[in-house]
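Here's the structure, in structure tokens; my notes come after.
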Amino acid sequence: MANIELSNVSRVFQRDGKDFLTLDGINLTVVDREFVVIVGPSGCGKTTCMRMAAGLEFPTSGTVKVNNEIVKAPGPDRAVVFQQFALFPWKTVYENIDFGLRSKGIELEKRKKTIAGYIELMNLKGYESAYPHQLSGGMQQRVAIARAYALDPQVLLMDEPFGALDAQTRVVMQEELVKLARKNPRTVLFITHSVEEAVYLADRVVIMTSRPGKIKEIIDVKTVREQENWDKHTKIEDVMDLESFVHLRTRIWKSLREEHAGTDH
Amino acid sequence: MNDKLPRNEFWRLTIIGTVSFLAIWYLARFLQLAPPKFLPMPHEVIAKIIDLFHNPFAGHVLTEHMLASLQRFAMGFGLATLIGVPLGLMMGLFNWLDDVVTPLFDSLRFIAPVAWVPFAALWFGTGIGGPTMIIFAGAFPPCLINAYRGAKNVDIRFLEAANMLGVGNFRTLREVLFPAAVPSIIAGLRIGAGLGWLSLVGAELIVASSGMGNLIVRAQSALATDTVMAGMLSIGAVGVLIDILLRRIETMLLKYRQS
């Protein structure tokens, strides 16, 4: 069992001696093995929500709990996939994935097996001893995802992980992530700008207002997905063509557009 | 103004500069601006260097003087590196250590290395201890400061990633801060090596009974200007070699950056 629970979370940050309210009374529970995606305008604090679950930032008021315990620091039970990958440039693909495992004190043979498994799964075979700069953006992100999954975390936190990728690579990565998520479900909090991505990946989509960020509405995708059996399609474009998908996407778009009104987006 | 010159242009100007310098030197002799004893010609200085490899001066041949100096240098510089780099990195990671060390360090580092000479001679003698300490005094501040700055400037994403992966402090220091700070550390070591080498010669002028600094100060007493200049040139050459060696090490450590 692993859940994420944000209760009444507000976040104030200071700039030039003035207080800015960035998050205002967020209440959100991600239940065990649920895939929740947060969408919202830039600066609405969606990344901050994820970073607070990771223990990289802390609320000004309210509580953030993972597994019913208040989050005090980052840790390998909550693996993060960063937007800019954050792979260690001086470590090879193998060493990057291994770094967290070594720190957990797992013995060498078991580590080798785990790493080999994720290298296979993420299509990285033959690149074990390559350095990150020798890989394409898509491959780097696959390494970052392998690094996170290899920790066998209860919770996965993903901050626009595909934002820096080109359109084709992003589609491939989204399909791979769906496969991985169905095969090996974890509790996931996923941040994105892309409405399509949100609907395609999520069990529930959380829509946030522009700053100060509040939860505007939460949309249940899972029920529709299961009713309409989206998972029988392996290709993202086939899912995106489904009437039920288009309907949800449009609904979220409209909701977001109201938030964008008055801003430049 | 800062545009890099084409390579052949660079060499052309370098040669013009060097040739002009030597020409002025020879011209000074030709015009008899100084007695030959006080102004040996470039080729005579080179000949003297070669001669010093075979014929001992002040009890030792040039190689032995160099080795004596290099040994002291290696001790002092090695000590400065071994203490300065880890301490600097740790100060970057732990704020409390930063607060403990920085005020002390800032008040001591403006004491010039030569100002340590009398103290070093009293405490550590004139053999190997005194000079080693003086080199240490010269080389330590840049080693520490650059490691510290390197650690402080590490991209926060790497530290967050290490924290997220559950990596402990020691591993973070060795496997995240250190490699990320390598360019800054090497820059510090190069400055440190330069200052250490400079301080060494200064120290040997006063306290040592062998070494490059001792060689030139003894040559001065003997009014052997050619030996003085041969010693100076050798000191410069060894300094350049040390710098080249450090740059090699840098390239080796940064191999992952090459495509």
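Residues are referred to by chain and number: the chain letter is A, B, ... according to the order shown in the structure tokens, the number counts from 1 in that chain, and ligands are numbered separately from 1 in the order shown.
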
Neighbour list for A:Ala73 as a short mmCIF file (atom, residue, chain, number, x, y, z; two decimals) with C-alpha atoms, in the first residue's frame, cut-off 12 Å, only C-alpha atoms, skip fewer than 4 positions in-chain:
data_model
loop_
_atom_site.label_atom_id
_atom_site.label_comp_id
_atom_site.auth_asym_id
_atom_site.auth_seq_id
_atom_site.Cartn_x
_atom_site.Cartn_y
_atom_site.Cartn_z
CA ARG A 51 8.27 18.21 -5.38
CA MET A 52 6.54 18.33 -2.00
CA ALA A 53 5.58 14.67 -2.34
CA ALA A 54 9.24 13.98 -3.19
CA GLY A 55 10.46 15.88 -0.11
CA LEU A 56 12.37 18.38 -2.22
CA GLU A 57 10.11 21.23 -1.10
CA PHE A 58 7.80 21.75 1.83
CA VAL A 64 1.96 16.16 2.75
CA LYS A 65 1.91 12.48 3.60
CA VAL A 66 3.16 9.44 1.77
CA GLU A 69 3.70 9.57 7.16
CA ASP A 77 10.80 4.97 -1.79
CA ARG A 78 9.63 7.96 -3.87
CA GLU B 160 18.33 16.38 -5.66
CA ASN B 163 19.03 12.56 -2.41
CA MET B 164 16.11 10.99 -4.21
CA LEU B 165 18.21 7.88 -4.90
CA GLY B 166 19.02 7.65 -1.19
#

Using only C-alpha atoms, I'd like a table of the residues in chain B that come within 10 Å of chain A; for each, show the closest atom pair and its distance in Å rounded to one decimal, ordered by chain and ascending number, as a tab-separated table.
residue	atom	partner	partner_atom	distance
B:Asp155	CA	A:Ala86	CA	9.3
B:Ile156	CA	A:Ala86	CA	9.5
B:Arg157	CA	A:Ala86	CA	5.9
B:Phe158	CA	A:Ala86	CA	6.1
B:Leu159	CA	A:Ala86	CA	9.3
B:Glu160	CA	A:Leu56	CA	7.2
B:Ala161	CA	A:Ala86	CA	6.5
B:Ala162	CA	A:Gly100	CA	7.8
B:Asn163	CA	A:Pro74	CA	5.8
B:Met164	CA	A:Gly75	CA	4.7
B:Leu165	CA	A:Gly100	CA	4.6
B:Gly166	CA	A:Gly75	CA	5.1
B:Val167	CA	A:Ser103	CA	5.3
B:Gly168	CA	A:Ser103	CA	7.1
B:Arg171	CA	A:Ser103	CA	8.4
B:Glu175	CA	A:Trp90	CA	8.8
B:Val176	CA	A:Phe88	CA	7.7
B:Pro179	CA	A:Trp90	CA	6.8
B:Ala180	CA	A:Trp90	CA	8.0
B:Leu253	CA	A:Trp90	CA	9.4
B:Leu254	CA	A:Trp90	CA	8.0
B:Lys255	CA	A:Trp90	CA	8.6
B:Tyr256	CA	A:Trp90	CA	5.8
B:Arg257	CA	A:His133	CA	7.7
B:Gln258	CA	A:His133	CA	8.9
B:Ser259	CA	A:Gln134	CA	6.7

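For the choices A:Asp166, A:Asp19, A:Asp203, A:Glu95, the atom-to-atom distance to A:Val31 is smallest for A:Asp203 when using only C-alpha atoms.
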
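In terms of minimum interatomic distance to B:Leu62, B:Ile49 ranks closest within B:Val100, B:Leu93, B:Ile49, B:Ile244, counting only C-alpha atoms.
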
Checklist entry - Using the chain letters and numbers from this document, which residues of stretch 48-159 of chain A does DSSP assign to alpha helix (DSSP H), as a PyMOL selection string? => result chain A and resi 48-54+93-103+108-121+137-150

Write the residues of the selection above to a file with C-alpha atoms, as a compact mmCIF listing (two decimals), in the first residue's frame.
# COMPACT_ATOMS: atom_id res chain seq x y z
CA THR A 48 5.61 22.20 -6.52
CA CYS A 49 2.94 19.62 -5.59
CA MET A 50 5.12 16.86 -7.00
CA ARG A 51 8.27 18.21 -5.38
CA MET A 52 6.54 18.33 -2.00
CA ALA A 53 5.58 14.67 -2.34
CA ALA A 54 9.24 13.98 -3.19
CA VAL A 93 24.06 4.28 -18.33
CA TYR A 94 24.78 1.23 -16.17
CA GLU A 95 26.33 3.28 -13.36
CA ASN A 96 23.46 5.77 -13.40
CA ILE A 97 20.91 3.00 -12.87
CA ASP A 98 23.19 1.26 -10.37
CA PHE A 99 23.83 4.34 -8.19
CA GLY A 100 20.58 4.15 -6.23
CA LEU A 101 20.71 0.36 -5.98
CA ARG A 102 24.21 0.42 -4.49
CA SER A 103 23.06 2.93 -1.92
CA LEU A 108 26.10 -7.15 -6.77
CA GLU A 109 24.53 -10.20 -8.46
CA LYS A 110 21.02 -9.05 -7.73
CA ARG A 111 21.83 -5.52 -8.92
CA LYS A 112 23.25 -6.82 -12.18
CA LYS A 113 20.08 -8.80 -12.79
CA THR A 114 17.77 -5.90 -11.97
CA ILE A 115 19.72 -3.49 -14.17
CA ALA A 116 19.87 -5.96 -17.06
CA GLY A 117 16.10 -6.37 -16.79
CA TYR A 118 15.37 -2.64 -17.02
CA ILE A 119 17.97 -2.13 -19.76
CA GLU A 120 16.13 -4.76 -21.76
CA LEU A 121 12.71 -3.34 -20.93
CA GLY A 137 17.06 12.84 -25.48
CA GLY A 138 14.60 9.95 -25.69
CA MET A 139 17.23 7.43 -24.64
CA GLN A 140 18.40 9.64 -21.78
CA GLN A 141 14.85 9.81 -20.52
CA ARG A 142 14.53 6.03 -20.78
CA VAL A 143 17.63 5.75 -18.60
CA ALA A 144 16.05 8.15 -16.08
CA ILE A 145 12.88 6.06 -16.04
CA ALA A 146 14.88 2.83 -15.69
CA ARG A 147 16.81 4.42 -12.82
CA ALA A 148 13.55 5.30 -11.08
CA TYR A 149 11.85 1.93 -11.66
CA ALA A 150 14.96 -0.03 -10.66

Item to check | 12 Å contact set for A:Gly25, only C-alpha atoms, chain neighbours under 4 positions out, as a PyMOL selection string | outcome: chain A and resi 6-12+21+45+49+59-64+208-209+212-216

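Going from atom CA of B:Gln71 to atom CA of B:Ser199 covers 14.0 Å.
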
Checklist outcome for this item: note - atom CA of A:Lys46 and atom CA of A:Lys183 are separated by 26.8 Å

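What separates atom CA of A:Leu165 from atom CA of B:Thr172 is a distance of 28.7 Å.
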
Next on the checklist: Please determine, counting only C-alpha atoms, which residue among A:Arg15, A:Glu176, A:Ile218, A:Gln83 has the shortest atom-to-atom distance to A:Pro161.
Outcome noted: A:Gln83

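With only C-alpha atoms taken into account, the protein and nucleic acid residues at most 7 Å from B:Thr132 (excluding it and anything under 6 positions from it in its own chain) are Arg72, Phe73, Met75 and Gly76 of chain B.
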
Output N, CA and C atoms of each residue in that selection to a file, as an mmCIF file, in the first residue's frame.
data_model
loop_
_atom_site.group_PDB
_atom_site.id
_atom_site.type_symbol
_atom_site.label_atom_id
_atom_site.label_comp_id
_atom_site.auth_asym_id
_atom_site.auth_seq_id
_atom_site.Cartn_x
_atom_site.Cartn_y
_atom_site.Cartn_z
ATOM 1 N N ARG B 72 60.264 18.507 -2.109
ATOM 2 C CA ARG B 72 59.599 19.435 -1.176
ATOM 3 C C ARG B 72 58.263 19.893 -1.750
ATOM 4 N N PHE B 73 58.304 20.198 -3.057
ATOM 5 C CA PHE B 73 57.077 20.645 -3.713
ATOM 6 C C PHE B 73 55.996 19.573 -3.623
ATOM 7 N N MET B 75 55.640 17.182 -1.508
ATOM 8 C CA MET B 75 55.131 17.033 -0.142
ATOM 9 C C MET B 75 54.149 18.157 0.200
ATOM 10 N N GLY B 76 54.595 19.382 -0.028
ATOM 11 C CA GLY B 76 53.757 20.524 0.353
ATOM 12 C C GLY B 76 52.485 20.593 -0.475
#

Next on the checklist: Quick one: residues within 10 Å of stretch 116-129 of chain B, only C-alpha atoms, excluding same-chain residues fewer than 3 positions away - as a ChimeraX atom specification?
Outcome noted: /B:68-69,71-73,75-76,111-113,132-135,137-138,199,202-204,206-210

Next on the checklist: Could you pull out the strand (DSSP E) residues of stretch 41-186 of chain A, going by DSSP on the backbone, and write them as an NGL selection string?
Outcome noted: :A and (61-66 or 69-70 or 78-81 or 155-159)

Report as a tab-separated table: every residue of stretch 12-70 of chain B with an atom at most 9 Å from stretch 224-242 of chain B, its closest pair of atoms, and their distance in Å to one decimal, counting only C-alpha atoms, with rows sorted by chain and ascending residue number.
residue	atom	partner	partner_atom	distance
B:Lys37	CA	B:Thr225	CA	6.6
B:Phe38	CA	B:Thr225	CA	5.5
B:Leu39	CA	B:Thr225	CA	7.0
B:Pro40	CA	B:Asp226	CA	5.7
B:Met41	CA	B:Asp226	CA	8.4
B:Glu44	CA	B:Asp226	CA	7.1
B:Val45	CA	B:Ala230	CA	5.4
B:Ile46	CA	B:Ala230	CA	6.9
B:Ala47	CA	B:Ala230	CA	8.7
B:Lys48	CA	B:Ala230	CA	6.2
B:Ile49	CA	B:Ala230	CA	5.3
B:Leu52	CA	B:Thr227	CA	8.2
B:Phe57	CA	B:Thr227	CA	8.8
B:Leu62	CA	B:Gly231	CA	8.4
B:Met66	CA	B:Val238	CA	8.3
B:Leu70	CA	B:Val238	CA	8.8

Checklist entry - Which residues come within 10 Å of A:Leu256, counting only C-alpha atoms, excluding same-chain residues fewer than 2 positions away, as a VMD selection string? => result chain A and resid 39 to 41 195 207 to 210 216 250 to 254 258 to 261
